[in-house]
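Dropping model-v6.csv in here (CSV, C-alpha atoms and all ligand atoms):
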chain,number,residue,atom,x,y,z
A,1058,MET,CA,89.7,145.0,119.1
A,1059,LYS,CA,92.8,143.7,117.3
A,1060,ALA,CA,93.0,140.7,119.6
A,1061,PHE,CA,89.3,140.1,119.2
A,1062,LEU,CA,89.6,140.2,115.4
A,1063,GLY,CA,92.6,137.8,115.6
A,1064,THR,CA,90.6,135.3,117.6
A,1065,ALA,CA,87.7,135.6,115.2
A,1066,LEU,CA,90.0,134.9,112.2
A,1067,VAL,CA,91.5,131.9,113.9
A,1068,ALA,CA,88.0,130.6,114.6
A,1069,ALA,CA,86.9,131.2,111.0
A,1070,ALA,CA,90.0,129.4,109.7
A,1071,ALA,CA,89.4,126.5,112.0
A,1072,HIS,CA,85.8,126.4,110.8
A,1073,THR,CA,86.8,126.2,107.1
A,1074,ALA,CA,89.2,123.4,107.9
A,1075,HIS,CA,86.2,121.4,109.1
A,1076,ALA,CA,84.7,121.3,105.6
A,1077,GLY,CA,85.4,118.1,103.9
A,1078,THR,CA,85.0,114.5,105.0
A,1079,LEU,CA,83.3,115.5,108.2
A,1080,ASP,CA,80.5,117.4,106.4
A,1081,ILE,CA,80.1,114.6,103.9
A,1082,VAL,CA,79.8,112.0,106.7
A,1083,ARG,CA,77.2,114.2,108.5
A,1084,GLN,CA,75.2,114.7,105.4
A,1085,ARG,CA,75.2,111.0,104.5
A,1086,GLY,CA,74.5,110.0,108.2
A,1087,SER,CA,77.1,107.2,108.2
A,1088,VAL,CA,80.8,106.5,108.0
A,1089,MET,CA,81.9,104.4,105.0
A,1090,CYS,CA,84.6,102.2,106.4
A,1091,GLY,CA,86.8,99.9,104.3
A,1092,THR,CA,87.7,96.6,105.9
A,1093,THR,CA,88.8,93.1,104.8
A,1094,THR,CA,86.5,90.8,103.1
A,1095,GLY,CA,86.3,88.7,106.3
A,1096,PHE,CA,89.2,88.1,108.6
A,1097,ALA,CA,88.1,86.9,112.1
A,1098,GLY,CA,89.2,89.2,114.9
A,1099,PHE,CA,89.8,92.3,112.8
A,1100,SER,CA,86.8,92.5,110.5
A,1101,ALA,CA,84.4,89.7,109.8
A,1102,PRO,CA,80.6,89.2,109.9
A,1103,ASP,CA,79.3,87.2,112.8
A,1104,ASN,CA,76.6,84.5,112.5
A,1105,LYS,CA,74.0,87.3,112.4
A,1106,GLY,CA,75.8,89.1,109.6
A,1107,GLU,CA,77.0,91.9,112.0
A,1108,TRP,CA,80.5,93.0,111.2
A,1109,ARG,CA,82.8,92.6,114.2
A,1110,GLY,CA,86.5,93.0,115.1
A,1111,LEU,CA,89.2,95.3,116.3
A,1112,ASP,CA,89.2,97.3,113.0
A,1113,VAL,CA,85.4,97.4,112.9
A,1114,ASP,CA,85.5,98.8,116.4
A,1115,LEU,CA,87.6,101.7,115.1
A,1116,CYS,CA,85.0,102.3,112.3
A,1117,ARG,CA,82.3,102.3,115.1
A,1118,ALA,CA,84.3,104.6,117.3
A,1119,VAL,CA,84.6,107.2,114.5
A,1120,ALA,CA,80.8,106.9,114.0
A,1121,ALA,CA,80.2,107.3,117.7
A,1122,ALA,CA,82.5,110.4,117.8
A,1123,VAL,CA,81.1,112.1,114.7
A,1124,LEU,CA,77.5,111.0,114.6
A,1125,GLY,CA,76.9,110.0,118.3
A,1126,ASP,CA,75.9,106.5,117.2
A,1127,ALA,CA,78.4,103.6,116.7
A,1128,ARG,CA,75.9,101.8,114.5
A,1129,LYS,CA,76.0,104.4,111.8
A,1130,VAL,CA,78.8,102.6,109.8
A,1131,LYS,CA,78.6,101.1,106.4
A,1132,ILE,CA,81.2,98.4,106.0
A,1133,VAL,CA,82.9,98.1,102.6
A,1134,PRO,CA,84.7,94.8,102.3
A,1135,LEU,CA,88.0,95.1,100.3
A,1136,ASP,CA,90.7,92.8,99.3
A,1137,ALA,CA,94.3,93.9,99.6
A,1138,GLN,CA,94.6,95.2,96.0
A,1139,GLN,CA,91.4,97.3,96.2
A,1140,ARG,CA,91.9,99.0,99.5
A,1141,PHE,CA,93.9,102.1,98.5
A,1142,THR,CA,91.9,102.9,95.4
A,1143,ALA,CA,88.7,102.8,97.4
A,1144,LEU,CA,90.2,105.4,99.8
A,1145,GLN,CA,91.7,107.5,97.0
A,1146,SER,CA,88.5,107.6,95.1
A,1147,GLY,CA,86.3,108.6,98.0
A,1148,GLU,CA,84.3,105.4,98.1
A,1149,ILE,CA,85.3,105.1,101.8
A,1150,ASP,CA,86.0,107.7,104.4
A,1151,LEU,CA,88.4,105.6,106.4
A,1152,LEU,CA,90.4,102.4,105.8
A,1153,ALA,CA,90.5,100.1,108.8
A,1154,ARG,CA,91.9,96.9,107.4
A,1155,ASN,CA,95.0,95.5,109.1
A,1156,THR,CA,97.1,97.7,106.9
A,1157,THR,CA,100.8,98.1,107.6
A,1158,VAL,CA,102.0,101.7,107.8
A,1159,THR,CA,105.0,102.1,105.5
A,1160,GLN,CA,106.9,105.2,104.3
A,1161,GLN,CA,105.8,104.4,100.7
A,1162,ARG,CA,102.1,104.2,101.6
A,1163,ASP,CA,102.2,107.4,103.7
A,1164,THR,CA,104.0,109.4,101.0
A,1165,ALA,CA,103.2,108.1,97.5
A,1166,LEU,CA,99.5,107.2,97.5
A,1167,GLY,CA,97.7,110.3,98.5
A,1168,ILE,CA,96.8,108.7,101.8
A,1169,ILE,CA,98.2,108.9,105.3
A,1170,HIS,CA,98.0,106.8,108.5
A,1171,ALA,CA,96.0,108.0,111.5
A,1172,GLY,CA,97.6,106.0,114.3
A,1173,ILE,CA,98.5,102.4,115.0
A,1174,ASN,CA,95.8,100.1,116.4
A,1175,PHE,CA,97.8,96.8,116.4
A,1176,TYR,CA,101.6,96.3,116.5
A,1177,ASP,CA,102.3,93.1,114.5
A,1178,GLY,CA,105.0,91.3,112.6
A,1179,GLN,CA,105.2,88.9,109.7
A,1180,GLY,CA,105.5,85.2,110.4
A,1181,PHE,CA,105.0,81.7,108.9
A,1182,MET,CA,102.5,78.9,109.3
A,1183,VAL,CA,103.2,75.4,108.2
A,1184,PRO,CA,101.5,72.0,108.4
A,1185,LYS,CA,103.0,70.0,111.3
A,1186,SER,CA,103.5,67.2,108.7
A,1187,LEU,CA,106.2,69.4,107.0
A,1188,ASN,CA,108.4,68.7,110.0
A,1189,VAL,CA,110.0,72.1,110.1
A,1190,LYS,CA,110.7,73.9,113.4
A,1191,SER,CA,112.3,77.1,112.2
A,1192,ALA,CA,111.9,79.5,109.2
A,1193,LYS,CA,115.6,79.0,108.4
A,1194,GLU,CA,114.7,75.5,107.3
A,1195,LEU,CA,112.4,76.8,104.6
A,1196,ASP,CA,115.0,76.8,101.9
A,1197,GLY,CA,113.3,75.6,98.7
A,1198,ALA,CA,109.8,75.9,100.1
A,1199,SER,CA,106.8,77.3,98.2
A,1200,VAL,CA,105.1,80.1,100.1
A,1201,CYS,CA,101.5,81.2,99.7
A,1202,LEU,CA,100.9,85.0,99.9
A,1203,GLN,CA,98.1,87.3,99.2
A,1204,ALA,CA,98.6,89.7,96.3
A,1205,GLY,CA,98.8,93.4,97.1
A,1206,THR,CA,100.2,93.0,100.6
A,1207,SER,CA,103.4,94.2,102.1
A,1208,ASN,CA,104.0,90.6,103.0
A,1209,GLU,CA,105.3,89.9,99.4
A,1210,ASN,CA,108.1,92.4,99.7
A,1211,THR,CA,108.9,91.7,103.3
A,1212,LEU,CA,109.4,88.0,102.6
A,1213,ALA,CA,111.6,88.8,99.5
A,1214,ASP,CA,113.8,91.0,101.6
A,1215,TRP,CA,114.1,88.5,104.4
A,1216,ALA,CA,114.9,85.6,102.1
A,1217,ARG,CA,117.6,87.6,100.3
A,1218,ALA,CA,119.1,88.7,103.6
A,1219,ASN,CA,119.1,85.2,105.0
A,1220,ASN,CA,120.1,83.4,101.8
A,1221,VAL,CA,116.8,81.4,101.7
A,1222,LYS,CA,115.4,80.5,98.3
A,1223,TYR,CA,111.6,80.1,98.0
A,1224,LYS,CA,108.9,79.9,95.4
A,1225,PRO,CA,106.2,82.5,95.9
A,1226,VAL,CA,102.6,81.4,95.2
A,1227,VAL,CA,100.8,84.8,95.0
A,1228,ILE,CA,97.0,84.7,94.9
A,1229,GLU,CA,94.5,87.6,94.8
A,1230,GLN,CA,91.5,86.6,96.9
A,1231,PHE,CA,91.9,85.8,100.6
A,1232,ASN,CA,89.8,82.7,100.6
A,1233,GLU,CA,91.6,81.3,97.6
A,1234,VAL,CA,95.1,81.8,99.3
A,1235,VAL,CA,93.7,80.0,102.3
A,1236,ASN,CA,92.3,77.2,100.2
A,1237,ALA,CA,95.5,76.8,98.2
A,1238,PHE,CA,97.4,76.4,101.5
A,1239,ALA,CA,94.9,74.0,102.9
A,1240,ALA,CA,95.0,71.9,99.7
A,1241,GLY,CA,98.8,71.7,100.0
A,1242,ARG,CA,99.5,73.9,96.9
A,1243,CYS,CA,102.2,75.6,98.9
A,1244,ASP,CA,104.2,74.5,101.9
A,1245,VAL,CA,104.0,77.7,103.9
A,1246,PHE,CA,101.6,80.6,104.5
A,1247,SER,CA,103.2,83.9,105.3
A,1248,THR,CA,101.4,87.0,106.5
A,1249,ASP,CA,101.1,89.1,109.7
A,1250,ALA,CA,101.2,86.9,112.9
A,1251,SER,CA,97.7,88.0,113.8
A,1252,GLY,CA,96.6,86.9,110.4
A,1253,LEU,CA,98.1,83.5,110.8
A,1254,ALA,CA,96.4,83.0,114.2
A,1255,SER,CA,93.1,84.1,112.7
A,1256,ILE,CA,93.4,81.8,109.7
A,1257,ARG,CA,94.5,78.8,111.8
A,1258,ILE,CA,91.5,79.1,114.1
A,1259,SER,CA,88.8,80.3,111.8
A,1260,LYS,CA,89.6,79.0,108.3
A,1261,LEU,CA,91.5,75.7,108.6
A,1262,HIS,CA,89.4,72.6,109.4
A,1263,ASN,CA,92.0,71.0,111.8
A,1264,PRO,CA,93.9,73.9,113.4
A,1265,ASP,CA,95.9,71.4,115.4
A,1266,ASP,CA,97.5,70.1,112.2
A,1267,TYR,CA,99.2,73.5,111.7
A,1268,MET,CA,101.8,75.5,113.6
A,1269,VAL,CA,103.1,79.0,113.5
A,1270,LEU,CA,106.9,79.1,113.4
A,1271,PRO,CA,108.7,81.2,116.1
A,1272,GLU,CA,110.4,83.7,113.8
A,1273,ILE,CA,108.9,87.1,113.3
A,1274,ILE,CA,110.7,88.7,110.3
A,1275,SER,CA,109.4,92.3,110.3
A,1276,LYS,CA,107.7,95.1,112.0
A,1277,GLU,CA,104.0,95.4,110.8
A,1278,PRO,CA,102.5,98.4,112.5
A,1279,LEU,CA,98.8,98.2,111.5
A,1280,GLY,CA,96.7,101.2,111.5
A,1281,PRO,CA,93.8,103.2,109.9
A,1282,PHE,CA,94.4,105.4,106.9
A,1283,VAL,CA,92.6,108.5,105.5
A,1284,ARG,CA,93.0,110.6,102.4
A,1285,LYS,CA,95.6,113.3,102.5
A,1286,GLY,CA,94.5,116.9,102.6
A,1287,ASP,CA,91.8,116.8,105.2
A,1288,ASP,CA,93.6,117.4,108.4
A,1289,ASN,CA,90.5,117.7,110.5
A,1290,TRP,CA,89.3,114.3,109.5
A,1291,LEU,CA,92.8,112.9,110.1
A,1292,ASN,CA,92.6,114.4,113.6
A,1293,ILE,CA,89.1,112.9,114.2
A,1294,VAL,CA,90.2,109.4,113.3
A,1295,SER,CA,93.5,109.5,115.1
A,1296,TRP,CA,92.1,111.1,118.2
A,1297,SER,CA,89.2,108.6,118.2
A,1298,LEU,CA,91.8,105.8,118.4
A,1299,SER,CA,93.7,107.8,121.0
A,1300,ALA,CA,90.6,108.2,123.1
A,1301,MET,CA,90.1,104.4,123.2
A,1302,VAL,CA,93.7,103.9,124.3
A,1303,GLU,CA,93.7,106.7,126.8
A,1304,ALA,CA,90.4,105.6,128.3
A,1305,GLU,CA,92.0,102.3,129.0
A,1306,GLU,CA,95.0,104.0,130.6
A,1307,TYR,CA,92.6,106.0,132.9
A,1308,GLY,CA,90.5,102.9,133.7
A,1309,ILE,CA,87.4,104.2,131.9
A,1310,THR,CA,85.3,101.4,130.6
A,1311,SER,CA,81.9,101.0,128.9
A,1312,ALA,CA,80.6,99.8,132.3
A,1313,ASN,CA,81.9,102.7,134.5
A,1314,VAL,CA,81.9,105.6,132.0
A,1315,ASP,CA,78.6,107.1,133.2
A,1316,GLU,CA,79.6,106.9,136.9
A,1317,LEU,CA,83.0,108.5,136.1
A,1318,LYS,CA,81.3,111.2,133.9
A,1319,ALA,CA,79.0,112.1,136.8
A,1320,ASN,CA,81.5,111.9,139.7
A,1321,SER,CA,85.1,111.8,138.7
A,1322,GLN,CA,87.3,114.8,139.9
A,1323,ASN,CA,90.3,113.6,137.9
A,1324,PRO,CA,91.0,116.5,135.4
A,1325,GLY,CA,92.2,114.0,132.7
A,1326,ILE,CA,89.0,112.0,132.9
A,1327,LYS,CA,86.9,115.1,132.9
A,1328,ARG,CA,88.6,116.3,129.7
A,1329,ILE,CA,88.3,112.9,128.0
A,1330,LEU,CA,84.6,112.7,128.8
A,1331,GLY,CA,83.9,116.3,127.8
A,1332,VAL,CA,82.9,117.4,131.3
A,1333,THR,CA,85.6,120.0,130.8
A,1334,ALA,CA,84.8,121.3,127.3
A,1335,GLY,CA,87.3,122.0,124.5
A,1336,ALA,CA,88.5,118.8,122.9
A,1337,GLY,CA,85.3,118.1,120.9
A,1338,GLN,CA,84.9,121.7,119.7
A,1339,ASN,CA,88.4,121.8,118.4
A,1340,MET,CA,87.5,119.1,115.9
A,1341,GLY,CA,84.1,120.4,115.1
A,1342,LEU,CA,82.5,117.7,117.2
A,1343,GLN,CA,80.2,117.5,120.2
A,1344,GLU,CA,82.0,117.4,123.6
A,1345,ASP,CA,80.7,113.9,124.3
A,1346,TRP,CA,82.6,112.5,121.3
A,1347,ALA,CA,84.9,110.4,123.4
A,1348,TYR,CA,82.2,109.6,126.0
A,1349,ASN,CA,80.2,108.1,123.1
A,1350,ILE,CA,83.1,106.0,121.9
A,1351,VAL,CA,83.8,104.5,125.4
A,1352,LYS,CA,80.1,104.0,126.2
A,1353,GLN,CA,79.2,102.4,122.9
A,1354,VAL,CA,82.4,100.7,121.7
A,1355,GLY,CA,84.5,100.4,124.9
A,1356,ASN,CA,88.1,101.3,125.6
A,1357,TYR,CA,91.0,99.8,123.6
A,1358,GLY,CA,91.6,97.0,126.1
A,1359,GLU,CA,87.9,96.0,126.0
A,1360,SER,CA,88.0,95.9,122.2
A,1361,PHE,CA,91.2,94.0,122.2
A,1362,GLU,CA,90.0,91.3,124.6
A,1363,ARG,CA,86.6,90.9,123.0
A,1364,ASN,CA,87.9,90.6,119.4
A,1365,VAL,CA,91.4,89.1,119.5
A,1366,GLY,CA,92.3,88.5,123.1
A,1367,GLN,CA,91.1,86.2,125.9
A,1368,GLY,CA,87.4,86.7,125.1
A,1369,SER,CA,87.9,85.6,121.5
A,1370,PRO,CA,88.8,82.4,119.8
A,1371,LEU,CA,92.2,83.9,118.8
A,1372,LYS,CA,93.4,84.3,122.4
A,1373,LEU,CA,96.2,86.6,121.4
A,1374,GLN,CA,98.4,88.0,124.3
A,1375,ARG,CA,98.5,91.8,124.6
A,1376,GLY,CA,102.3,91.7,124.0
A,1377,LEU,CA,103.4,94.8,122.1
A,1378,ASN,CA,99.8,96.0,122.3
A,1379,ALA,CA,99.8,96.4,126.0
A,1380,GLN,CA,99.8,99.9,127.5
A,1381,TRP,CA,103.1,101.7,127.6
A,1382,ASN,CA,103.1,101.4,131.5
A,1383,LYS,CA,102.5,97.7,131.3
A,1384,GLY,CA,105.4,96.8,129.0
A,1385,GLY,CA,103.7,97.5,125.6
A,1386,LEU,CA,103.7,100.2,122.9
A,1387,MET,CA,100.2,101.5,123.3
A,1388,TYR,CA,100.9,105.1,124.4
A,1389,ALA,CA,98.0,107.4,123.8
A,1390,LEU,CA,98.8,111.0,123.1
A,1391,PRO,CA,97.2,113.1,125.8
A,1392,ILE,CA,93.7,114.6,125.3
A,1393,ARG,CA,94.3,118.0,126.7
A,1401,LIG,N1,99.5,94.1,106.8
A,1401,LIG,C1,99.7,93.6,105.5
A,1401,LIG,C2,98.8,92.5,105.1
A,1401,LIG,C3,97.4,92.8,105.2
A,1401,LIG,C4,96.5,91.8,104.4
A,1401,LIG,O1,95.9,92.2,103.4
A,1401,LIG,N2,96.5,90.6,104.9
A,1401,LIG,C5,95.6,89.6,104.3
A,1401,LIG,C6,96.0,88.2,104.7
A,1401,LIG,S1,95.7,87.9,106.4
A,1401,LIG,C7,94.2,89.9,104.6
A,1401,LIG,O2,93.8,90.5,105.5
A,1401,LIG,N3,93.3,89.5,103.7
A,1401,LIG,C8,91.8,89.6,103.9
A,1401,LIG,C9,91.1,90.0,102.6
A,1401,LIG,O3,91.7,90.2,101.6
A,1401,LIG,O4,89.9,90.1,102.8
A,1401,LIG,C10,99.5,94.8,104.5
A,1401,LIG,O5,99.1,95.9,104.9
A,1401,LIG,O6,99.8,94.6,103.3

Go ahead and render the structure in this file as structure tokens.
Amino acid sequence: MKAFLGTALVAAAAHTAHAGTLDIVRQRGSVMCGTTTGFAGFSAPDNKGEWRGLDVDLCRAVAAAVLGDARKVKIVPLDAQQRFTALQSGEIDLLARNTTVTQQRDTALGIIHAGINFYDGQGFMVPKSLNVKSAKELDGASVCLQAGTSNENTLADWARANNVKYKPVVIEQFNEVVNAFAAGRCDVFSTDASGLASIRISKLHNPDDYMVLPEIISKEPLGPFVRKGDDNWLNIVSWSLSAMVEAEEYGITSANVDELKANSQNPGIKRILGVTAGAGQNMGLQEDWAYNIVKQVGNYGESFERNVGQGSPLKLQRGLNAQWNKGGLMYALPIR
């Protein structure tokens, strides 16, 4: 009897913990997801106005896990300054906006990261006409940066450490920073290397006139953020990302997921796909939460290649974002 009561209490406590963002999202019928205002590869509308990108896929994955339908996402475009307020105020349920995880952001803003979906680092882009081959030659240069990014502080630290003097040109709106750079109002553009690749290909008229310098001056682990104080929602977002990464590790793709769900005898695959029950229920979700993610959005590798990899104009290498057993840092925590 005591043991039974104990189990009932644990179940009740687990149920209470589910109240919060999950209920709000269910009642609303959509996930409000904060992204950039338009940054090709990560979050940008395509020519039909559909938002696409690695970060958008994370928004869609959460909608697939929670609502069974990856289309039930409302994208809220945010510039760098607006993003944390939008999350703190409840305007969005989830921030998926090439946001660097830092100790300050995780501890001082009432928000917390829910995994890393892209390992990046800050770099520099210059017009080839500047005739510079290394960042060390940038002494005295003017550098365009977007306001409200970690890039401002990272560059200041690097410049101090390397005794490089520069003139920051800090601009709020993304397109205006790009325009300032394109118009020669600064010598250099500095942001995350993925951002530089995206800007070069999608925003500058003659990409071949520009080059990205070899130096990467920081670690920029980019990941989704949620509000603090809703542990179940934090779990849902971080395990949705983990499910995409682990699905890739197990070779589960949007193309073979039905076949594997029906026939696989691999215990790991059976747990991810909800054939063996438990993982969904523990988060207050249906057992097909991860099946829906892989079926409707794809695994991490599919999302990477389609949005920023070989199937995209950016053609980024997997690099640090390869699986842990292929020389990268993508190491999904096990769904078991
Ligand atoms: N990872 C950095 C930079 C993120 C960032 O905001 N990058 C800019 C420049 S590429 C951007 O995405 N802008 C798009 C926008 O404001 O819509 C951070 O978290 O502060």

Cut-off 9 Å: closest chain A/ligand LIG 1401 (chain A) atom pairs per residue, using all atoms listed in the file, as JSON lines:
{"residue": "A:Thr1092", "atom": "CA", "partner": "A:LIG1401", "partner_atom": "O4", "distance": 7.5}
{"residue": "A:Thr1093", "atom": "CA", "partner": "A:LIG1401", "partner_atom": "O4", "distance": 3.8}
{"residue": "A:Thr1094", "atom": "CA", "partner": "A:LIG1401", "partner_atom": "O4", "distance": 3.5}
{"residue": "A:Gly1095", "atom": "CA", "partner": "A:LIG1401", "partner_atom": "O4", "distance": 5.2}
{"residue": "A:Phe1096", "atom": "CA", "partner": "A:LIG1401", "partner_atom": "C8", "distance": 5.6}
{"residue": "A:Phe1099", "atom": "CA", "partner": "A:LIG1401", "partner_atom": "O2", "distance": 8.5}
{"residue": "A:Ser1100", "atom": "CA", "partner": "A:LIG1401", "partner_atom": "O4", "distance": 8.6}
{"residue": "A:Ala1101", "atom": "CA", "partner": "A:LIG1401", "partner_atom": "O4", "distance": 8.9}
{"residue": "A:Pro1134", "atom": "CA", "partner": "A:LIG1401", "partner_atom": "O4", "distance": 7.0}
{"residue": "A:Leu1135", "atom": "CA", "partner": "A:LIG1401", "partner_atom": "O4", "distance": 5.9}
{"residue": "A:Asp1136", "atom": "CA", "partner": "A:LIG1401", "partner_atom": "O3", "distance": 3.6}
{"residue": "A:Ala1137", "atom": "CA", "partner": "A:LIG1401", "partner_atom": "O1", "distance": 4.5}
{"residue": "A:Gln1138", "atom": "CA", "partner": "A:LIG1401", "partner_atom": "O3", "distance": 8.0}
{"residue": "A:Gln1139", "atom": "CA", "partner": "A:LIG1401", "partner_atom": "O3", "distance": 8.9}
{"residue": "A:Arg1140", "atom": "CA", "partner": "A:LIG1401", "partner_atom": "O1", "distance": 8.8}
{"residue": "A:Arg1154", "atom": "CA", "partner": "A:LIG1401", "partner_atom": "O2", "distance": 6.9}
{"residue": "A:Asn1155", "atom": "CA", "partner": "A:LIG1401", "partner_atom": "N1", "distance": 5.2}
{"residue": "A:Thr1156", "atom": "CA", "partner": "A:LIG1401", "partner_atom": "O5", "distance": 3.4}
{"residue": "A:Thr1157", "atom": "CA", "partner": "A:LIG1401", "partner_atom": "O5", "distance": 3.9}
{"residue": "A:Val1158", "atom": "CA", "partner": "A:LIG1401", "partner_atom": "O5", "distance": 7.1}
{"residue": "A:Thr1159", "atom": "CA", "partner": "A:LIG1401", "partner_atom": "O5", "distance": 8.6}
{"residue": "A:Asp1177", "atom": "CA", "partner": "A:LIG1401", "partner_atom": "N1", "distance": 8.3}
{"residue": "A:Gly1178", "atom": "CA", "partner": "A:LIG1401", "partner_atom": "N1", "distance": 8.5}
{"residue": "A:Gln1179", "atom": "CA", "partner": "A:LIG1401", "partner_atom": "N1", "distance": 8.2}
{"residue": "A:Leu1202", "atom": "CA", "partner": "A:LIG1401", "partner_atom": "C6", "distance": 7.6}
{"residue": "A:Gln1203", "atom": "CA", "partner": "A:LIG1401", "partner_atom": "C6", "distance": 6.0}
{"residue": "A:Ala1204", "atom": "CA", "partner": "A:LIG1401", "partner_atom": "O1", "distance": 8.0}
{"residue": "A:Gly1205", "atom": "CA", "partner": "A:LIG1401", "partner_atom": "O6", "distance": 6.4}
{"residue": "A:Thr1206", "atom": "CA", "partner": "A:LIG1401", "partner_atom": "O6", "distance": 3.2}
{"residue": "A:Ser1207", "atom": "CA", "partner": "A:LIG1401", "partner_atom": "O6", "distance": 3.8}
{"residue": "A:Asn1208", "atom": "CA", "partner": "A:LIG1401", "partner_atom": "O6", "distance": 5.8}
{"residue": "A:Glu1209", "atom": "CA", "partner": "A:LIG1401", "partner_atom": "O6", "distance": 8.2}
{"residue": "A:Glu1229", "atom": "CA", "partner": "A:LIG1401", "partner_atom": "O3", "distance": 7.8}
{"residue": "A:Gln1230", "atom": "CA", "partner": "A:LIG1401", "partner_atom": "O3", "distance": 5.9}
{"residue": "A:Phe1231", "atom": "CA", "partner": "A:LIG1401", "partner_atom": "O3", "distance": 4.5}
{"residue": "A:Asn1232", "atom": "CA", "partner": "A:LIG1401", "partner_atom": "C9", "distance": 7.7}
{"residue": "A:Val1234", "atom": "CA", "partner": "A:LIG1401", "partner_atom": "C6", "distance": 8.4}
{"residue": "A:Val1235", "atom": "CA", "partner": "A:LIG1401", "partner_atom": "C6", "distance": 8.8}
{"residue": "A:Ser1247", "atom": "CA", "partner": "A:LIG1401", "partner_atom": "C6", "distance": 8.4}
{"residue": "A:Thr1248", "atom": "CA", "partner": "A:LIG1401", "partner_atom": "S1", "distance": 5.8}
{"residue": "A:Asp1249", "atom": "CA", "partner": "A:LIG1401", "partner_atom": "N1", "distance": 6.0}
{"residue": "A:Ala1250", "atom": "CA", "partner": "A:LIG1401", "partner_atom": "S1", "distance": 8.6}
{"residue": "A:Ser1251", "atom": "CA", "partner": "A:LIG1401", "partner_atom": "S1", "distance": 7.7}
{"residue": "A:Gly1252", "atom": "CA", "partner": "A:LIG1401", "partner_atom": "S1", "distance": 4.2}
{"residue": "A:Leu1253", "atom": "CA", "partner": "A:LIG1401", "partner_atom": "S1", "distance": 6.7}
{"residue": "A:Ser1255", "atom": "CA", "partner": "A:LIG1401", "partner_atom": "S1", "distance": 7.8}
{"residue": "A:Ile1256", "atom": "CA", "partner": "A:LIG1401", "partner_atom": "S1", "distance": 7.3}
{"residue": "A:Glu1277", "atom": "CA", "partner": "A:LIG1401", "partner_atom": "N1", "distance": 6.2}
{"residue": "A:Pro1278", "atom": "CA", "partner": "A:LIG1401", "partner_atom": "N1", "distance": 7.7}
{"residue": "A:Leu1279", "atom": "CA", "partner": "A:LIG1401", "partner_atom": "N1", "distance": 6.3}
{"residue": "A:Gly1280", "atom": "CA", "partner": "A:LIG1401", "partner_atom": "O5", "distance": 8.8}

Please, which residues are within 7 Å of (91.9, 89.4, 116.1) by the file's coordinates, counting all atoms listed in the file, and could they come as a PDB file with C-alpha atoms, in the coordinates of the input?
ATOM      1  CA  ALA A1097      88.100  86.900 112.100  1.00  0.00           C
ATOM      2  CA  GLY A1098      89.200  89.200 114.900  1.00  0.00           C
ATOM      3  CA  PHE A1099      89.800  92.300 112.800  1.00  0.00           C
ATOM      4  CA  GLY A1110      86.500  93.000 115.100  1.00  0.00           C
ATOM      5  CA  LEU A1111      89.200  95.300 116.300  1.00  0.00           C
ATOM      6  CA  SER A1251      97.700  88.000 113.800  1.00  0.00           C
ATOM      7  CA  SER A1255      93.100  84.100 112.700  1.00  0.00           C
ATOM      8  CA  ASN A1364      87.900  90.600 119.400  1.00  0.00           C
ATOM      9  CA  VAL A1365      91.400  89.100 119.500  1.00  0.00           C
ATOM     10  CA  LEU A1371      92.200  83.900 118.800  1.00  0.00           C
TER      11      LEU A1371
END

Pick out the closest residue to Gly1125 of chain A from this set: A:Gly1172, A:Gly1384, A:Gly1337, A:Gly1147. Count only C-alpha atoms.
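Closest to Gly1125 of chain A, using only C-alpha atoms: A:Gly1337.
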
To one decimal place in Å, what is the distance between atom CA of Arg1117 of chain A and atom CA of Val1283 of chain A?
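Between atom CA of Arg1117 of chain A and atom CA of Val1283 of chain A the gap is 15.4 Å.
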
Just checking: using all atoms listed in the file, which residue out of A:Cys1201, A:Val1123, A:Ile1309, A:Ile1293 ends up closest to Ser1321 of chain A?
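Closest candidate: A:Ile1309.
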
Got a sec: who's within 8 Å of Ala1153 of chain A, counting all atoms listed in the file, leaving out chain neighbours fewer than 5 positions off, as a PyMOL selection string?
chain A and resi 1090-1092+1112-1113+1115-1116+1280-1282

Polymer residues at most 10 Å from Ala1319 of chain A, only C-alpha atoms, same-chain spacing of 5 or more positions, as a PyMOL selection string:
chain A and resi 1314+1327+1330+1332

Restrict the selected residues to C-alpha atoms and save them as a tab-separated table (two decimals), keeping the file's coordinate frame.
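Final output, saved to again35.tsv:
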chain	number	residue	atom	x	y	z
A	1314	VAL	CA	81.90	105.60	132.00
A	1327	LYS	CA	86.90	115.10	132.90
A	1330	LEU	CA	84.60	112.70	128.80
A	1332	VAL	CA	82.90	117.40	131.30

Restricting the calculation to only C-alpha atoms: of A:Leu1144, A:Gly1335, A:Arg1284, A:Ser1186, which residue gets closest to Ile1168 of chain A?
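Looking at the shortest contact to Ile1168 of chain A, the residue is A:Arg1284.
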
Got a minute to add N, CA and C atoms to segment 1277-1281 of chain A and dump it as a CSV table (one decimal), keeping the file's coordinate frame?
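Saved to rebuild_15.csv:
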chain,number,residue,atom,x,y,z
A,1277,GLU,N,105.3,95.1,111.6
A,1277,GLU,CA,104.0,95.4,110.8
A,1277,GLU,C,103.1,96.2,111.7
A,1278,PRO,N,103.4,97.5,111.7
A,1278,PRO,CA,102.5,98.4,112.5
A,1278,PRO,C,101.2,98.6,111.7
A,1279,LEU,N,100.1,98.1,112.2
A,1279,LEU,CA,98.8,98.2,111.5
A,1279,LEU,C,98.0,99.3,112.0
A,1280,GLY,N,97.4,100.1,111.0
A,1280,GLY,CA,96.7,101.2,111.5
A,1280,GLY,C,95.7,101.7,110.4
A,1281,PRO,N,94.8,102.6,110.9
A,1281,PRO,CA,93.8,103.2,109.9
A,1281,PRO,C,94.4,104.2,109.0
